[in-house]
$ cat entry10.tsv   # TSV, C-alpha atoms
chain	number	residue	atom	x	y	z
A	1	MET	CA	12.72	63.85	63.21
A	2	SER	CA	15.69	66.25	63.43
A	3	ASN	CA	16.01	69.52	61.54
A	4	GLY	CA	12.31	69.43	60.70
A	5	MET	CA	12.80	66.57	58.17
A	6	ARG	CA	11.15	63.16	58.06
A	7	THR	CA	12.61	59.97	56.46
A	8	PHE	CA	10.57	57.53	54.32
A	9	THR	CA	11.46	54.40	52.32
A	10	CYS	CA	10.92	54.15	48.51
A	11	GLU	CA	8.06	51.78	47.77
A	12	GLU	CA	9.19	50.97	44.21
A	13	GLU	CA	9.58	47.20	43.98
A	14	GLY	CA	13.19	46.18	44.47
A	15	CYS	CA	14.35	49.68	45.54
A	16	GLY	CA	13.76	50.54	49.27
A	17	ALA	CA	16.01	53.63	49.11
A	18	PRO	CA	15.39	56.23	51.91
A	19	PHE	CA	14.22	59.73	51.06
A	20	VAL	CA	13.35	62.74	53.25
A	21	VAL	CA	10.66	65.39	53.10
A	22	PRO	CA	10.00	68.41	55.36
A	23	VAL	CA	7.70	67.57	58.25
A	24	HIS	CA	5.46	70.55	57.66
A	25	ARG	CA	4.72	69.49	54.06
A	26	GLY	CA	3.61	65.98	54.99
A	27	ARG	CA	4.20	62.92	52.78
A	28	ARG	CA	3.42	63.65	49.13
A	29	HIS	CA	5.52	60.90	47.49
A	30	HIS	CA	5.93	57.18	48.01
A	31	LYS	CA	9.04	56.83	45.85
A	32	CYS	CA	12.55	58.17	45.88
A	33	GLU	CA	13.60	60.88	43.42
A	34	ALA	CA	15.07	58.33	40.97
A	35	HIS	CA	11.71	56.58	40.63
A	36	ARG	CA	9.58	59.70	40.42
A	37	PRO	CA	8.47	61.08	37.03
A	38	GLY	CA	11.52	62.43	35.25
A	39	GLY	CA	13.87	60.61	37.60
A	40	THR	CA	17.00	58.81	36.44
A	41	ALA	CA	15.55	55.31	36.99
A	42	VAL	CA	12.36	56.18	35.10
A	43	ARG	CA	14.34	57.64	32.16
A	44	ALA	CA	16.57	54.57	32.03
A	45	ARG	CA	13.53	52.31	31.98
A	46	ARG	CA	11.98	54.25	29.09
A	47	GLU	CA	15.23	53.98	27.16
A	48	ARG	CA	15.29	50.19	27.62
A	49	ILE	CA	11.72	49.95	26.33
A	50	ARG	CA	12.61	51.97	23.19
A	51	THR	CA	15.66	49.77	22.62
A	52	ALA	CA	13.61	46.59	23.01
A	53	LYS	CA	11.03	47.77	20.46
A	54	THR	CA	13.80	48.52	17.98
A	55	THR	CA	16.08	45.50	18.48
A	56	GLY	CA	13.87	42.88	20.10
A	57	ALA	CA	16.14	42.80	23.19
A	58	GLY	CA	14.80	42.11	26.67
A	59	VAL	CA	12.92	44.84	28.52
A	60	GLY	CA	13.97	44.06	32.04
A	61	THR	CA	10.99	44.00	34.35
A	62	ILE	CA	8.28	44.27	31.66
A	63	PRO	CA	5.78	41.50	32.50
A	64	ALA	CA	5.69	38.50	30.14
A	65	PRO	CA	2.44	37.93	28.22
A	66	VAL	CA	-0.12	35.73	29.97
A	67	THR	CA	-0.46	32.32	28.25
A	68	VAL	CA	-2.12	28.99	29.02
A	69	GLU	CA	1.33	27.59	29.81
A	70	SER	CA	2.22	30.39	32.21
A	71	VAL	CA	-1.07	30.07	34.07
A	72	ALA	CA	-0.67	26.29	34.26
A	73	ALA	CA	2.89	26.69	35.59
A	74	LYS	CA	1.70	28.97	38.42
A	75	ALA	CA	-1.23	26.68	39.21
A	76	ASP	CA	0.77	23.44	38.88
A	77	GLY	CA	-0.92	20.55	40.67
A	78	SER	CA	-4.18	22.42	41.18
A	79	PRO	CA	-7.56	21.55	39.60
A	80	VAL	CA	-7.10	24.56	37.34
A	81	ALA	CA	-3.82	23.15	36.00
A	82	GLN	CA	-5.41	19.77	35.36
A	83	ALA	CA	-8.32	21.34	33.52
A	84	LEU	CA	-5.95	23.41	31.40
A	85	ALA	CA	-3.88	20.32	30.54
A	86	GLU	CA	-7.00	18.38	29.52
A	87	ALA	CA	-8.18	21.29	27.39
A	88	GLN	CA	-4.82	21.50	25.66
A	89	ALA	CA	-4.83	17.74	24.93
A	90	HIS	CA	-8.37	17.96	23.53
A	91	VAL	CA	-7.46	20.86	21.25
A	92	ALA	CA	-4.35	19.00	20.03
A	93	ALA	CA	-6.42	15.88	19.30
A	94	LEU	CA	-8.97	17.91	17.33
A	95	ALA	CA	-6.19	19.56	15.32
A	96	ALA	CA	-4.66	16.18	14.52
A	97	ALA	CA	-8.05	14.79	13.45
A	98	VAL	CA	-8.68	17.76	11.16
A	99	ALA	CA	-5.22	17.39	9.60
A	100	GLU	CA	-5.78	13.67	9.03
A	101	ALA	CA	-9.16	14.29	7.42
A	102	GLU	CA	-7.69	16.91	5.08
A	103	ALA	CA	-4.87	14.55	4.12
A	104	ALA	CA	-7.38	11.78	3.40
A	105	LYS	CA	-9.34	14.07	1.08
A	106	ALA	CA	-6.19	14.94	-0.85
A	107	ALA	CA	-4.94	11.34	-1.08
A	108	PRO	CA	-5.63	9.52	-4.39
A	109	ALA	CA	-8.04	6.58	-4.42
A	110	PRO	CA	-6.35	3.14	-4.21
A	111	ALA	CA	-5.76	1.35	-7.49
A	112	ALA	CA	-7.80	-1.72	-8.43
A	113	THR	CA	-4.65	-3.86	-8.36
A	114	PRO	CA	-2.27	-2.20	-5.88
A	115	GLU	CA	1.26	-2.54	-7.18
A	116	GLY	CA	2.74	-3.15	-3.74
A	117	LEU	CA	0.38	-5.97	-2.76
A	118	THR	CA	1.41	-9.54	-3.48
A	119	HIS	CA	0.00	-13.04	-3.12
A	120	TYR	CA	0.95	-14.91	0.05
A	121	ALA	CA	2.94	-17.44	-2.06
A	122	PHE	CA	4.80	-14.70	-3.96
A	123	PRO	CA	8.01	-15.01	-1.87
A	124	LYS	CA	8.13	-18.71	-2.74
A	125	LEU	CA	7.85	-17.88	-6.46
A	126	LEU	CA	10.79	-15.47	-6.18
A	127	ARG	CA	12.88	-18.11	-4.38
A	128	HIS	CA	12.31	-20.60	-7.19
A	129	LEU	CA	13.23	-18.06	-9.87
A	130	ARG	CA	16.37	-16.88	-8.11
A	131	ALA	CA	17.45	-20.47	-7.65
A	132	GLY	CA	17.20	-20.99	-11.42
A	133	LEU	CA	14.16	-23.30	-11.15
A	134	GLN	CA	11.15	-23.37	-13.47
A	135	PRO	CA	8.00	-22.99	-11.34
A	136	TYR	CA	4.54	-24.22	-12.29
A	137	LEU	CA	1.79	-22.20	-10.57
A	138	CYS	CA	-1.22	-24.42	-9.99
A	139	GLY	CA	-4.42	-22.73	-8.91
A	140	PRO	CA	-8.03	-21.97	-9.77
A	141	SER	CA	-9.15	-19.39	-12.31
A	142	GLY	CA	-8.74	-15.81	-11.14
A	143	SER	CA	-6.23	-16.54	-8.38
A	144	GLY	CA	-3.71	-14.04	-9.78
A	145	LYS	CA	-1.16	-16.34	-11.40
A	146	THR	CA	-0.59	-14.19	-14.49
A	147	TYR	CA	-0.32	-10.97	-12.50
A	148	ALA	CA	2.09	-12.61	-10.05
A	149	ALA	CA	4.34	-13.71	-12.92
A	150	GLU	CA	4.47	-10.12	-14.18
A	151	GLN	CA	5.24	-8.84	-10.66
A	152	ALA	CA	8.00	-11.44	-10.34
A	153	ALA	CA	9.55	-10.38	-13.65
A	154	LYS	CA	9.76	-6.80	-12.34
A	155	ALA	CA	11.07	-7.95	-8.96
A	156	ILE	CA	14.02	-9.85	-10.44
A	157	GLY	CA	14.75	-7.12	-12.99
A	158	ALA	CA	13.90	-9.23	-16.04
A	159	ARG	CA	14.70	-7.53	-19.33
A	160	THR	CA	11.67	-8.99	-21.10
A	161	PHE	CA	8.31	-10.48	-20.13
A	162	ASP	CA	6.40	-12.55	-22.69
A	163	VAL	CA	3.12	-14.43	-22.25
A	164	LEU	CA	1.85	-17.39	-24.26
A	165	SER	CA	-1.76	-18.22	-23.45
A	166	CYS	CA	-2.24	-21.85	-24.42
A	167	ASN	CA	-5.25	-23.72	-25.73
A	168	ALA	CA	-5.95	-26.88	-27.70
A	169	GLY	CA	-4.69	-25.18	-30.87
A	170	THR	CA	-1.34	-24.11	-29.46
A	171	SER	CA	1.57	-25.44	-31.50
A	172	GLU	CA	5.36	-25.27	-31.53
A	173	ILE	CA	5.07	-22.15	-33.74
A	174	ASP	CA	3.65	-20.28	-30.75
A	175	PHE	CA	6.69	-21.26	-28.69
A	176	PHE	CA	9.47	-20.76	-31.25
A	177	GLY	CA	8.04	-18.56	-34.01
A	178	TYR	CA	8.11	-19.06	-37.78
A	179	THR	CA	9.51	-17.64	-41.02
A	180	THR	CA	7.13	-16.10	-43.54
A	181	ALA	CA	7.17	-16.74	-47.29
A	182	THR	CA	9.19	-13.54	-47.70
A	183	GLY	CA	11.81	-14.77	-45.24
A	184	GLU	CA	10.75	-12.55	-42.35
A	185	TYR	CA	11.07	-14.16	-38.92
A	186	VAL	CA	8.12	-13.81	-36.53
A	187	PRO	CA	9.40	-14.68	-33.01
A	188	GLY	CA	7.53	-16.99	-30.67
A	189	ALA	CA	7.05	-16.44	-26.94
A	190	LEU	CA	10.36	-18.04	-25.97
A	191	TYR	CA	12.71	-16.30	-28.40
A	192	GLU	CA	13.46	-12.98	-26.67
A	193	PRO	CA	13.52	-14.26	-23.06
A	194	PHE	CA	15.76	-17.17	-24.16
A	195	LYS	CA	18.16	-14.89	-26.05
A	196	PHE	CA	18.25	-11.73	-23.93
A	197	GLY	CA	17.24	-13.01	-20.52
A	198	GLY	CA	13.72	-12.57	-19.18
A	199	VAL	CA	10.54	-14.24	-18.02
A	200	ALA	CA	8.37	-16.28	-20.38
A	201	LEU	CA	4.98	-17.20	-18.92
A	202	ILE	CA	3.35	-20.26	-20.47
A	203	ASP	CA	-0.18	-19.60	-19.24
A	204	GLU	CA	-2.92	-22.25	-19.14
A	205	MET	CA	-0.25	-24.83	-19.89
A	206	ASP	CA	-2.59	-27.68	-18.93
A	207	ALA	CA	-4.84	-26.58	-21.83
A	208	CYS	CA	-1.95	-26.94	-24.29
A	209	ASP	CA	-1.71	-29.79	-26.79
A	210	ALA	CA	0.58	-32.39	-25.19
A	211	ASN	CA	2.72	-32.68	-28.35
A	212	ALA	CA	3.36	-28.92	-28.41
A	213	ALA	CA	4.40	-29.05	-24.76
A	214	LEU	CA	6.83	-31.85	-25.59
A	215	LYS	CA	8.41	-29.67	-28.29
A	216	ALA	CA	9.00	-26.94	-25.72
A	217	ASN	CA	10.94	-29.41	-23.58
A	218	ALA	CA	13.89	-29.05	-25.94
A	219	VAL	CA	14.43	-25.48	-24.74
A	220	LEU	CA	13.28	-25.92	-21.17
A	221	ALA	CA	15.75	-28.75	-20.54
A	222	MET	CA	18.77	-26.77	-21.70
A	223	ALA	CA	21.37	-25.50	-19.27
A	224	PRO	CA	22.57	-21.87	-19.46
A	225	GLY	CA	25.02	-21.50	-22.31
A	226	SER	CA	23.46	-24.29	-24.40
A	227	VAL	CA	22.56	-23.40	-27.99
A	228	TYR	CA	19.19	-23.80	-29.70
A	229	ARG	CA	18.53	-23.27	-33.41
A	230	PHE	CA	15.36	-21.21	-33.94
A	231	PRO	CA	13.22	-21.40	-37.13
A	232	ASN	CA	15.02	-18.40	-38.65
A	233	GLY	CA	18.23	-20.44	-38.63
A	234	GLU	CA	19.77	-18.38	-35.81
A	235	ARG	CA	21.76	-20.33	-33.26
A	236	VAL	CA	20.94	-18.76	-29.91
A	237	GLU	CA	22.71	-19.40	-26.64
A	238	ARG	CA	20.44	-19.77	-23.64
A	239	HIS	CA	20.83	-16.66	-21.51
A	240	PRO	CA	21.65	-17.32	-17.84
A	241	ASP	CA	18.71	-15.08	-16.83
A	242	PHE	CA	16.11	-16.94	-18.91
A	243	ARG	CA	13.29	-17.79	-16.48
A	244	PRO	CA	10.24	-19.71	-17.76
A	245	ILE	CA	7.11	-19.88	-15.61
A	246	ALA	CA	4.11	-22.11	-16.28
A	247	ALA	CA	0.60	-21.69	-14.92
A	248	GLY	CA	-2.45	-23.92	-14.97
A	249	ASN	CA	-5.72	-24.74	-13.24
A	250	THR	CA	-4.89	-28.41	-12.69
A	251	THR	CA	-1.83	-30.36	-11.61
A	252	GLY	CA	-1.24	-31.45	-15.19
A	253	HIS	CA	-2.73	-34.92	-14.71
A	254	GLY	CA	-5.90	-34.27	-16.67
A	255	ALA	CA	-9.32	-32.64	-16.41
A	256	ASP	CA	-11.35	-32.34	-13.22
A	257	SER	CA	-14.96	-31.38	-12.44
A	258	ASN	CA	-14.33	-27.64	-12.84
A	259	TYR	CA	-11.82	-27.69	-15.72
A	260	SER	CA	-13.03	-30.29	-18.18
A	261	GLY	CA	-10.97	-29.02	-21.12
A	262	ARG	CA	-7.58	-29.66	-19.55
A	263	GLU	CA	-5.01	-32.09	-20.94
A	264	ALA	CA	-2.82	-34.55	-19.09
A	265	LEU	CA	0.78	-33.44	-19.62
A	266	ASP	CA	3.50	-35.93	-20.43
A	267	ALA	CA	5.63	-37.00	-17.47
A	268	SER	CA	8.73	-35.61	-19.16
A	269	SER	CA	7.01	-32.22	-19.42
A	270	LEU	CA	5.96	-32.23	-15.78
A	271	SER	CA	9.45	-33.18	-14.67
A	272	ARG	CA	10.80	-29.87	-16.02
A	273	TRP	CA	8.82	-27.85	-13.48
A	274	THR	CA	8.70	-27.28	-9.74
A	275	PHE	CA	5.21	-27.09	-8.25
A	276	ILE	CA	3.71	-24.13	-6.33
A	277	ALA	CA	0.09	-24.26	-5.14
A	278	TRP	CA	-1.59	-20.94	-5.94
A	279	ASP	CA	-5.01	-20.75	-4.27
A	280	TYR	CA	-7.09	-17.62	-3.67
A	281	ASP	CA	-5.48	-15.08	-1.33
A	282	GLU	CA	-8.50	-13.68	0.49
A	283	ASP	CA	-6.54	-10.99	2.35
A	284	LEU	CA	-5.23	-9.69	-0.98
A	285	GLU	CA	-8.72	-9.92	-2.43
A	286	ARG	CA	-10.18	-7.71	0.33
A	287	ALA	CA	-7.32	-5.24	0.01
A	288	MET	CA	-8.18	-4.67	-3.66
A	289	VAL	CA	-11.68	-3.29	-3.04
A	290	PRO	CA	-12.68	0.06	-1.47
A	291	PRO	CA	-14.20	0.27	2.03
A	292	GLU	CA	-17.78	0.59	0.78
A	293	ALA	CA	-17.47	-2.78	-1.00
A	294	GLN	CA	-15.93	-4.80	1.84
A	295	TRP	CA	-19.29	-6.38	2.61
A	296	TRP	CA	-19.39	-7.71	-0.96
A	297	ALA	CA	-15.90	-9.23	-0.67
A	298	GLU	CA	-16.99	-11.04	2.51
A	299	ARG	CA	-20.18	-12.23	0.80
A	300	VAL	CA	-18.23	-13.61	-2.16
A	301	GLN	CA	-15.78	-15.43	0.09
A	302	THR	CA	-18.63	-16.95	2.11
A	303	LEU	CA	-20.35	-18.23	-1.04
A	304	ARG	CA	-17.02	-19.52	-2.41
A	305	LYS	CA	-16.53	-21.68	0.69
A	306	ALA	CA	-20.12	-22.90	0.36
A	307	ALA	CA	-19.61	-23.79	-3.33
A	308	ARG	CA	-16.51	-25.81	-2.49
A	309	ALA	CA	-18.24	-27.57	0.37
A	310	ALA	CA	-21.11	-28.46	-1.98
A	311	SER	CA	-18.67	-29.62	-4.73
A	312	SER	CA	-20.49	-27.21	-7.02
A	313	PRO	CA	-19.21	-26.65	-10.57
A	314	ILE	CA	-19.63	-22.90	-10.20
A	315	VAL	CA	-16.34	-20.98	-9.91
A	316	ILE	CA	-16.48	-17.98	-7.57
A	317	CYS	CA	-13.14	-16.24	-8.03
A	318	PRO	CA	-11.83	-12.78	-7.03
A	319	ARG	CA	-12.95	-11.43	-10.40
A	320	VAL	CA	-16.48	-11.71	-8.96
A	321	THR	CA	-15.38	-9.51	-6.07
A	322	LEU	CA	-13.81	-6.89	-8.34
A	323	SER	CA	-16.68	-6.69	-10.83
A	324	GLY	CA	-19.30	-6.46	-8.05
A	325	SER	CA	-17.20	-3.83	-6.30
A	326	ALA	CA	-17.16	-1.73	-9.46
A	327	LEU	CA	-20.99	-1.78	-9.58
A	328	ILE	CA	-21.20	-0.87	-5.89
A	329	VAL	CA	-18.96	2.16	-6.42
A	330	ASP	CA	-21.09	3.13	-9.45
A	331	GLY	CA	-24.09	3.10	-7.14
A	332	GLU	CA	-26.85	2.23	-9.62
A	333	ALA	CA	-27.17	-1.58	-9.42
A	334	THR	CA	-29.27	-3.31	-6.77
A	335	VAL	CA	-27.88	-6.04	-4.53
A	336	ASP	CA	-29.87	-8.68	-6.47
A	337	GLU	CA	-28.51	-7.38	-9.78
A	338	ILE	CA	-24.94	-7.54	-8.51
A	339	HIS	CA	-25.46	-11.18	-7.45
A	340	ASP	CA	-27.08	-12.16	-10.74
A	341	GLU	CA	-24.69	-10.34	-13.06
A	342	CYS	CA	-21.37	-10.85	-11.27
A	343	LEU	CA	-21.71	-14.03	-9.23
A	344	TRP	CA	-24.40	-16.43	-10.47
A	345	LYS	CA	-24.02	-15.48	-14.16
A	346	GLY	CA	-27.02	-17.50	-15.31
A	347	ALA	CA	-26.34	-20.54	-13.09
A	348	PRO	CA	-29.42	-22.82	-12.86
A	349	GLU	CA	-31.67	-22.45	-9.84
A	350	ASP	CA	-30.73	-25.88	-8.47
A	351	ILE	CA	-27.02	-24.96	-8.42
A	352	ARG	CA	-27.79	-21.71	-6.60
A	353	ASN	CA	-29.92	-23.46	-4.02
A	354	THR	CA	-27.27	-26.12	-3.45
A	355	VAL	CA	-24.62	-23.51	-2.76
A	356	LEU	CA	-26.90	-21.40	-0.55
A	357	ALA	CA	-27.77	-24.49	1.50
A	358	TYR	CA	-24.14	-24.62	2.68
A	359	VAL	CA	-24.00	-20.98	3.80
$ encode --input "entry10.tsv" --output "C-alpha cells"
Amino acid sequence: MSNGMRTFTCEEEGCGAPFVVPVHRGRRHHKCEAHRPGGTAVRARRERIRTAKTTGAGVGTIPAPVTVESVAAKADGSPVAQALAEAQAHVAALAAAVAEAEAAKAAPAPAATPEGLTHYAFPKLLRHLRAGLQPYLCGPSGSGKTYAAEQAAKAIGARTFDVLSCNAGTSEIDFFGYTTATGEYVPGALYEPFKFGGVALIDEMDACDANAALKANAVLAMAPGSVYRFPNGERVERHPDFRPIAAGNTTGHGADSNYSGREALDASSLSRWTFIAWDYDEDLERAMVPPEAQWWAERVQTLRKAARAASSPIVICPRVTLSGSALIVDGEATVDEIHDECLWKGAPEDIRNTVLAYV
C-alpha cells in the first residue's frame, strides 16, 4: 500500500464501495463511511422506515414477513412444498366443513309439505289448464290431488280457488248456490271462479250423486263468453280464465274393491273432462319426511307394494308416511305402536298376514 494506507471493499450487500484505512491502525471496519453508524446511507434508510410506518409505503430492503406461501415458493417442487400444500388443503377443507355445519344449524327445518315440490304429473296438469281443458285427476286416496290443484291455481295466477268436496248428498245447490228466505244469495263453489276467473276443484267427484253432476254440465259445457243465470237471478258471463278441475279415486265407471261408495258418472259428464292418472309419487313422499324418518317411508312403500300385490283392501297412502314420521320425530312411540296406529289402523290379523306374506 502507498502512503501508509490500505484499501478495503465495503461488505454491505449491494454496495462494494472501496474505503481506505491507515496501515498502522489495522482494519476496524467492514463497511464504507456511508454504511457505518451515522453515515448517509444509514440515515436515509432510517428515514424510509419512519415514512413507511407513517404512510404504509414500501421500506426498500426490509425483509418481507415469512409465510406458508413464501416458504412453499422457495421450496417449490420439494417434499417440504408438497407437505405444505397438503396441509393448506386440509385446513381449507376443515374450514369449509365447519362453515357448512354452522349453516346447517342456522337453517330452518323443512316444511311438512314443501311448497316447491310437485307431483311428477304436475307439469301435465298445468298443460291441460293452460290449454283451456278440464282435467280429471284419477288416483288413490292420499296421492296429493287436492294439494296439486291448489298448487296449479297458484302457478297459473288464478284469482280464486274454491273446493267442493262431494258425497252422496251433494246437490246442485253446492255447485250454484241458493237464495235464502230473506233474499240473500249464498254462492256455490262455481260462482266466483266462473264469474271472476279461477280454479274450482270438484273433489271426490265420483262420490257425487250422478244427477247433481249432470246439473253441473250446464256450466262446464259453456264456452268462454257464454252466459249462465245463477239462482240469485244474475246473468254471469263465463270468464275466459275459469278453470274447473275434478278429482276422484276411480275412473268414474263405478265402485271398485277399495272404493265401494263410488258412483258411475254419466257418459255426458265424463265427456267434459280430460283424464290424468294420479298415482302415488314416492320420490315426493320421501322428500316430505326428515332424514330420521326415511326408514319409515321406505317401510311404508314396501308394504304398499305388498298390499297391491296381495289385492288387499287396506289402503297404505302417503298420509301413513307423514303421520308415522311425526311420531318418530316426537320420539316417544315404539316401532310397533307406529305400525299399529298409523299403518294397520285396526286391520284384522288375516289382512296383516296376507300383506306381510308378499314382503
$ residues_around --input "entry10.tsv" --residues "A:Thr9" --least-positions-apart "5" --cutoff "6 Å" --atoms "only C-alpha atoms" --output "VMD selection string"
chain A and resid 16 to 18
$ atom_distance --input "entry10.tsv" --atom1 "atom CA of A:Arg243" --atom2 "atom CA of A:Glu285"
27.3 Å
$ atom_distance --input "entry10.tsv" --atom1 "atom CA of A:Val315" --atom2 "atom CA of A:Pro290"
23.0 Å
$ atom_distance --input "entry10.tsv" --atom1 "atom CA of A:Gly177" --atom2 "atom CA of A:Glu234"
11.9 Å
$ residues_around --input "entry10.tsv" --residues "A:Ala158" --least-positions-apart "5" --cutoff "12 Å" --atoms "all atoms listed in the file" --output "JSON, numbers by chain"
{"A": [129, 130, 149, 150, 151, 152, 153, 192, 193, 194, 196, 197, 198, 199, 200, 239, 240, 241, 242, 243, 244]}
$ closest_residue --input "entry10.tsv" --among "A:Thr274, A:Asn167, A:Thr40, A:Thr250" --to "A:Ile202" --atoms "all atoms listed in the file"
A:Asn167
$ residues_around --input "entry10.tsv" --residues "A:Glu292" --least-positions-apart "3" --cutoff "8 Å" --atoms "only C-alpha atoms" --output "ChimeraX atom specification"
/A:295,328-329
$ closest_residue --input "entry10.tsv" --among "A:Leu133, A:Leu126, A:Leu201, A:Ala310" --to "A:Val355" --atoms "only C-alpha atoms"
A:Ala310
$ residues_around --input "entry10.tsv" --residues "A:Pro348" --least-positions-apart "6" --cutoff "12 Å" --atoms "all atoms listed in the file" --output "list in words"
Ser312, Pro313, Ile314, Asp340, Thr354 and Val355 of chain A
$ closest_residue --input "entry10.tsv" --among "A:Glu172, A:Asp330, A:Glu237, A:Glu337" --to "A:Ala210" --atoms "all atoms listed in the file"
A:Glu172
$ residues_near_point --input "entry10.tsv" --point "(-20.7, -11.9, 1.3)" --cutoff "12 Å" --atoms "only C-alpha atoms" --output "count of residues only"
26
$ closest_residue --input "entry10.tsv" --among "A:Ala131, A:Ala212, A:Ala44, A:Ala148" --to "A:Thr170" --atoms "only C-alpha atoms"
A:Ala212
$ closest_residue --input "entry10.tsv" --among "A:Asp336, A:Asp281, A:Asp174, A:Glu341" --to "A:Val186" --atoms "all atoms listed in the file"
A:Asp174
$ residues_around --input "entry10.tsv" --residues "A:Ser268" --least-positions-apart "2" --cutoff "8 Å" --atoms "only C-alpha atoms" --output "PyMOL selection string"
chain A and resi 214+217+266+270-272
$ closest_residue --input "entry10.tsv" --among "A:Asn249, A:Glu282, A:Ala93, A:Cys138" --to "A:Arg319" --atoms "all atoms listed in the file"
A:Glu282
$ build_atoms --input "entry10.tsv" --residues "stretch 188-206 of chain A" --atoms "N, CA and C atoms" --output "PDB file, in the coordinates of the input"
ATOM      1  N   GLY A 188       8.491 -16.401 -31.604  1.00  0.00           N
ATOM      2  CA  GLY A 188       7.530 -16.990 -30.670  1.00  0.00           C
ATOM      3  C   GLY A 188       7.766 -16.446 -29.274  1.00  0.00           C
ATOM      4  N   ALA A 189       7.006 -16.974 -28.308  1.00  0.00           N
ATOM      5  CA  ALA A 189       7.050 -16.440 -26.940  1.00  0.00           C
ATOM      6  C   ALA A 189       8.378 -16.688 -26.250  1.00  0.00           C
ATOM      7  N   LEU A 190       9.124 -17.702 -26.675  1.00  0.00           N
ATOM      8  CA  LEU A 190      10.360 -18.040 -25.970  1.00  0.00           C
ATOM      9  C   LEU A 190      11.597 -17.339 -26.522  1.00  0.00           C
ATOM     10  N   TYR A 191      11.508 -16.787 -27.729  1.00  0.00           N
ATOM     11  CA  TYR A 191      12.710 -16.300 -28.400  1.00  0.00           C
ATOM     12  C   TYR A 191      13.448 -15.207 -27.613  1.00  0.00           C
ATOM     13  N   GLU A 192      12.774 -14.097 -27.315  1.00  0.00           N
ATOM     14  CA  GLU A 192      13.460 -12.980 -26.670  1.00  0.00           C
ATOM     15  C   GLU A 192      13.895 -13.301 -25.240  1.00  0.00           C
ATOM     16  N   PRO A 193      13.040 -13.914 -24.401  1.00  0.00           N
ATOM     17  CA  PRO A 193      13.520 -14.260 -23.060  1.00  0.00           C
ATOM     18  C   PRO A 193      14.703 -15.239 -23.094  1.00  0.00           C
ATOM     19  N   PHE A 194      14.668 -16.190 -24.044  1.00  0.00           N
ATOM     20  CA  PHE A 194      15.760 -17.170 -24.160  1.00  0.00           C
ATOM     21  C   PHE A 194      17.051 -16.485 -24.587  1.00  0.00           C
ATOM     22  N   LYS A 195      16.963 -15.532 -25.497  1.00  0.00           N
ATOM     23  CA  LYS A 195      18.160 -14.890 -26.050  1.00  0.00           C
ATOM     24  C   LYS A 195      18.704 -13.778 -25.162  1.00  0.00           C
ATOM     25  N   PHE A 196      17.812 -12.936 -24.642  1.00  0.00           N
ATOM     26  CA  PHE A 196      18.250 -11.730 -23.930  1.00  0.00           C
ATOM     27  C   PHE A 196      18.139 -11.850 -22.407  1.00  0.00           C
ATOM     28  N   GLY A 197      17.471 -12.877 -21.948  1.00  0.00           N
ATOM     29  CA  GLY A 197      17.240 -13.010 -20.520  1.00  0.00           C
ATOM     30  C   GLY A 197      15.934 -12.354 -20.134  1.00  0.00           C
ATOM     31  N   GLY A 198      15.020 -13.112 -19.564  1.00  0.00           N
ATOM     32  CA  GLY A 198      13.720 -12.570 -19.180  1.00  0.00           C
ATOM     33  C   GLY A 198      12.789 -13.683 -18.774  1.00  0.00           C
ATOM     34  N   VAL A 199      11.562 -13.289 -18.464  1.00  0.00           N
ATOM     35  CA  VAL A 199      10.540 -14.240 -18.020  1.00  0.00           C
ATOM     36  C   VAL A 199       9.600 -14.546 -19.168  1.00  0.00           C
ATOM     37  N   ALA A 200       9.372 -15.835 -19.404  1.00  0.00           N
ATOM     38  CA  ALA A 200       8.370 -16.280 -20.380  1.00  0.00           C
ATOM     39  C   ALA A 200       7.305 -17.049 -19.618  1.00  0.00           C
ATOM     40  N   LEU A 201       6.081 -16.526 -19.598  1.00  0.00           N
ATOM     41  CA  LEU A 201       4.980 -17.200 -18.920  1.00  0.00           C
ATOM     42  C   LEU A 201       4.210 -18.054 -19.910  1.00  0.00           C
ATOM     43  N   ILE A 202       4.164 -19.354 -19.672  1.00  0.00           N
ATOM     44  CA  ILE A 202       3.350 -20.260 -20.470  1.00  0.00           C
ATOM     45  C   ILE A 202       2.050 -20.465 -19.695  1.00  0.00           C
ATOM     46  N   ASP A 203       1.068 -19.630 -19.996  1.00  0.00           N
ATOM     47  CA  ASP A 203      -0.180 -19.600 -19.240  1.00  0.00           C
ATOM     48  C   ASP A 203      -1.146 -20.670 -19.740  1.00  0.00           C
ATOM     49  N   GLU A 204      -1.968 -21.173 -18.821  1.00  0.00           N
ATOM     50  CA  GLU A 204      -2.920 -22.250 -19.140  1.00  0.00           C
ATOM     51  C   GLU A 204      -2.193 -23.420 -19.799  1.00  0.00           C
ATOM     52  N   MET A 205      -1.054 -23.783 -19.262  1.00  0.00           N
ATOM     53  CA  MET A 205      -0.250 -24.830 -19.890  1.00  0.00           C
ATOM     54  C   MET A 205      -0.984 -26.171 -19.924  1.00  0.00           C
ATOM     55  N   ASP A 206      -1.864 -26.411 -18.933  1.00  0.00           N
ATOM     56  CA  ASP A 206      -2.590 -27.680 -18.930  1.00  0.00           C
ATOM     57  C   ASP A 206      -3.697 -27.715 -19.975  1.00  0.00           C
TER      58      ASP A 206
END
